[in-house]
Amino acid sequence: MSFFEENCPEMDRYLETHASAEPDILKRLRKETFRKTTQPHMISGYQQGRLLSIISKMLHPKNILEVGTFTGYATLCLAEGLAKDGKITTLDVNEELAYLPEKYFAESEFSDRIDFQLQDALEYLKQTDEVFDLVFIDADKENYVEYFKLIKPHLKSGSVVLFDNVLWYGKVLEEKPKQKSTQSIKELNDMIAKDDDFENLILPLRDGVNLIRKK
């Protein structure tokens, strides 16, 4: 649950009621995530899922990268806009939970375009020569700055990157945060805002999404 949901659940329900419906496969995945995982709040969820879907459909990307698969909800949302010959590479390190996204990926219409890898994202970004049209990063907040540095060489003009949880339950307003993850997120937001290679906007959706476009 986000900082905003806790403070205004009525508004959150209103927003979901007035958003496009999520596909049935996502409804089932969301329910199973809440039944079978210990931290179901980590799922992207209804509103953010529709945002990812719309952005992907606007870009019609051929190559998507996702860092942090969890149960695969965001993966399937991003895949909705893939070009017919496109693919989405999604990375995670949780072997115990892998059965859940694998199950839903296999039954989805995008099964042949999803490349699910149990691999450290930092190592992947250091080794790959892929160029991505769309990137969604939602894992390992303490390494957000490093992810941003490593992803830059893999973007082209018009590429879009989204970082999740960039308001961090409102903790980014702390002047001298003690938590390393808060420090990292604040540094990332400052770095992006000052980088002339990008234009960006932080969307106050759920726990904050930094929407970034390569010039």
# chains A, B, ... in the order shown; residues from 1 in each chain; ligands from 1
$ select_by_dssp --residues "range 11-164 of chain A" --states "strand (DSSP E or B)" --output "VMD selection string"
chain A and resid 63 to 67 87 to 92 114 to 118 132 to 137 155 to 164
$ residues_around --residues "range 209-212 of chain A" --least-positions-apart "2" --cutoff "8 Å" --atoms "only C-alpha atoms" --output "JSON, numbers by chain"
{"A": [160, 161, 162, 163, 164, 165, 166, 167, 189, 198, 199, 200, 201, 202, 203, 204, 205, 207, 214]}
$ residues_around --residues "range 97-99 of chain A" --least-positions-apart "4" --cutoff "10 Å" --atoms "only C-alpha atoms" --output "PDB file with C-alpha atoms, in the first residue's frame"
ATOM      1  CA  LYS A  36       0.663 -16.668  -1.924  1.00  0.00           C
ATOM      2  CA  THR A  37       3.310 -13.989  -1.271  1.00  0.00           C
ATOM      3  CA  THR A  69       9.778  -9.128 -12.053  1.00  0.00           C
ATOM      4  CA  PHE A  70       8.172 -10.061  -8.716  1.00  0.00           C
ATOM      5  CA  THR A  71       5.048 -12.008  -9.815  1.00  0.00           C
ATOM      6  CA  GLY A  72       4.975 -10.653 -13.373  1.00  0.00           C
ATOM      7  CA  ASP A  92      14.767 -11.028 -11.029  1.00  0.00           C
ATOM      8  CA  VAL A  93      16.827 -12.999  -8.531  1.00  0.00           C
ATOM      9  CA  LYS A 103       2.899 -19.816 -14.764  1.00  0.00           C
ATOM     10  CA  TYR A 104       1.159 -16.656 -15.952  1.00  0.00           C
ATOM     11  CA  PHE A 105       3.694 -15.873 -18.671  1.00  0.00           C
ATOM     12  CA  PHE A 116      12.280 -14.167 -18.017  1.00  0.00           C
ATOM     13  CA  GLN A 117      15.791 -14.409 -16.587  1.00  0.00           C
ATOM     14  CA  LEU A 118      16.906 -15.156 -13.049  1.00  0.00           C
TER      15      LEU A 118
END
$ residues_around --residues "range 21-29 of chain A" --least-positions-apart "2" --cutoff "10 Å" --atoms "only C-alpha atoms" --output "list of chain:residue names"
A:Glu16, A:Thr17, A:His18, A:Ala19, A:Lys31, A:Glu32, A:Thr33, A:Phe34, A:Arg35, A:Ile43, A:Gly45, A:Tyr46, A:Gln47, A:Gly49, A:Arg50, A:Ser53, A:Thr71, A:Gly72, A:Tyr73, A:Ala74, A:Leu76, A:Cys77, A:Leu100, A:Pro101, A:Lys103, A:Tyr104, A:Phe105, A:Glu107, A:Ser108
$ select_by_dssp --residues "range 70-204 of chain A" --states "alpha helix (DSSP H)" --output "number ranges by chain"
A: 73-79, 99-107, 121-127, 144-151, 180-194
$ residues_around --residues "Trp168 in chain A" --least-positions-apart "4" --cutoff "8 Å" --atoms "only C-alpha atoms" --output "ChimeraX atom specification"
/A:3,172,182,185,207-208
$ closest_residue --among "A:Thr38, A:Gln127, A:Ala83, A:Ile88" --to "Lys57 in chain A" --atoms "only C-alpha atoms"
A:Ala83
$ atom_distance --atom1 "CA of Asp195 in chain A" --atom2 "CA of Tyr147 in chain A"
14.8 Å
$ residues_around --residues "Gly81 in chain A" --least-positions-apart "2" --cutoff "6 Å" --atoms "only C-alpha atoms" --output "ChimeraX atom specification"
/A:56-57,60,79
$ write_last_selection --atoms "N, CA and C atoms" --output "compact mmCIF listing (two decimals), in the first residue's frame"
# COMPACT_ATOMS: atom_id res chain seq x y z
N SER A 56 3.27 1.81 -22.96
CA SER A 56 3.79 0.82 -23.89
C SER A 56 3.03 0.86 -25.22
N LYS A 57 1.73 1.01 -25.16
CA LYS A 57 0.93 1.07 -26.38
C LYS A 57 1.23 2.34 -27.18
N HIS A 60 4.78 1.53 -28.66
CA HIS A 60 4.82 0.33 -29.50
C HIS A 60 6.26 -0.19 -29.59
N ALA A 79 3.90 -5.72 -21.74
CA ALA A 79 3.85 -6.53 -22.96
C ALA A 79 2.65 -6.21 -23.83
$ atom_distance --atom1 "CA of Met58 in chain A" --atom2 "CA of Asp133 in chain A"
11.5 Å
$ residues_around --residues "Asp129 in chain A" --least-positions-apart "2" --cutoff "9 Å" --atoms "only C-alpha atoms" --output "VMD selection string"
chain A and resid 125 to 127 131 153 to 154
$ closest_residue --among "A:Lys141, A:Gly68, A:Leu150, A:Leu78" --to "Gln119 in chain A" --atoms "only C-alpha atoms"
A:Gly68
$ decode --residues "range 156-184 of chain A" --atoms "N, CA and C atoms" --output "CSV table (one decimal), in the first residue's frame"
chain,number,residue,atom,x,y,z
A,156,LYS,N,18.2,5.1,-26.7
A,156,LYS,CA,18.3,5.9,-27.9
A,156,LYS,C,17.4,7.1,-27.8
A,157,SER,N,17.5,8.1,-28.7
A,157,SER,CA,16.6,9.2,-28.6
A,157,SER,C,15.1,8.7,-28.7
A,158,GLY,N,14.3,9.2,-27.7
A,158,GLY,CA,12.9,8.8,-27.6
A,158,GLY,C,12.7,7.6,-26.7
A,159,SER,N,13.8,6.9,-26.2
A,159,SER,CA,13.6,5.9,-25.2
A,159,SER,C,13.0,6.4,-23.9
A,160,VAL,N,12.2,5.6,-23.3
A,160,VAL,CA,11.5,6.0,-22.1
A,160,VAL,C,11.9,5.1,-20.9
A,161,VAL,N,12.2,5.7,-19.8
A,161,VAL,CA,12.6,4.9,-18.6
A,161,VAL,C,11.6,5.3,-17.5
A,162,LEU,N,11.2,4.3,-16.7
A,162,LEU,CA,10.3,4.6,-15.5
A,162,LEU,C,11.0,4.0,-14.3
A,163,PHE,N,11.2,4.8,-13.3
A,163,PHE,CA,11.6,4.3,-12.0
A,163,PHE,C,10.5,4.3,-11.0
A,164,ASP,N,10.2,3.2,-10.3
A,164,ASP,CA,9.1,3.2,-9.4
A,164,ASP,C,9.5,3.5,-8.0
A,165,ASN,N,8.5,3.9,-7.2
A,165,ASN,CA,8.7,4.2,-5.7
A,165,ASN,C,9.7,5.4,-5.5
A,166,VAL,N,9.7,6.4,-6.3
A,166,VAL,CA,10.6,7.5,-6.2
A,166,VAL,C,10.2,8.5,-5.2
A,167,LEU,N,9.0,8.4,-4.6
A,167,LEU,CA,8.6,9.2,-3.4
A,167,LEU,C,8.8,8.5,-2.1
A,168,TRP,N,8.9,7.2,-2.2
A,168,TRP,CA,9.3,6.4,-1.0
A,168,TRP,C,8.5,6.7,0.2
A,169,TYR,N,7.2,6.6,0.1
A,169,TYR,CA,6.3,6.8,1.2
A,169,TYR,C,6.5,8.2,1.9
A,170,GLY,N,6.9,9.2,1.0
A,170,GLY,CA,7.1,10.6,1.5
A,170,GLY,C,8.4,10.8,2.1
A,171,LYS,N,9.3,9.8,2.2
A,171,LYS,CA,10.6,9.9,2.9
A,171,LYS,C,11.5,10.8,2.1
A,172,VAL,N,11.3,11.0,0.8
A,172,VAL,CA,12.2,11.9,0.0
A,172,VAL,C,12.1,13.3,0.5
A,173,LEU,N,11.2,13.7,1.4
A,173,LEU,CA,11.1,15.0,1.9
A,173,LEU,C,12.0,15.2,3.1
A,174,GLU,N,12.6,14.1,3.6
A,174,GLU,CA,13.5,14.2,4.7
A,174,GLU,C,14.8,14.9,4.3
A,175,GLU,N,15.2,15.9,5.0
A,175,GLU,CA,16.5,16.6,4.6
A,175,GLU,C,17.7,15.8,4.7
A,176,LYS,N,17.8,15.0,5.8
A,176,LYS,CA,19.0,14.2,6.0
A,176,LYS,C,18.5,12.8,6.4
A,177,PRO,N,18.1,12.0,5.4
A,177,PRO,CA,17.6,10.7,5.6
A,177,PRO,C,18.7,9.7,6.1
A,178,LYS,N,18.4,8.8,7.0
A,178,LYS,CA,19.3,7.9,7.5
A,178,LYS,C,19.3,6.6,6.7
A,179,GLN,N,18.1,6.3,6.2
A,179,GLN,CA,17.9,5.0,5.4
A,179,GLN,C,18.7,5.1,4.1
A,180,LYS,N,19.5,4.1,3.8
A,180,LYS,CA,20.2,4.1,2.5
A,180,LYS,C,19.4,4.2,1.3
A,181,SER,N,18.3,3.4,1.3
A,181,SER,CA,17.4,3.4,0.2
A,181,SER,C,16.8,4.8,-0.1
A,182,THR,N,16.5,5.5,1.0
A,182,THR,CA,15.9,6.9,0.8
A,182,THR,C,17.0,7.8,0.2
A,183,GLN,N,18.2,7.7,0.7
A,183,GLN,CA,19.3,8.5,0.2
A,183,GLN,C,19.5,8.2,-1.3
A,184,SER,N,19.5,6.9,-1.7
A,184,SER,CA,19.7,6.6,-3.1
A,184,SER,C,18.6,7.1,-4.0
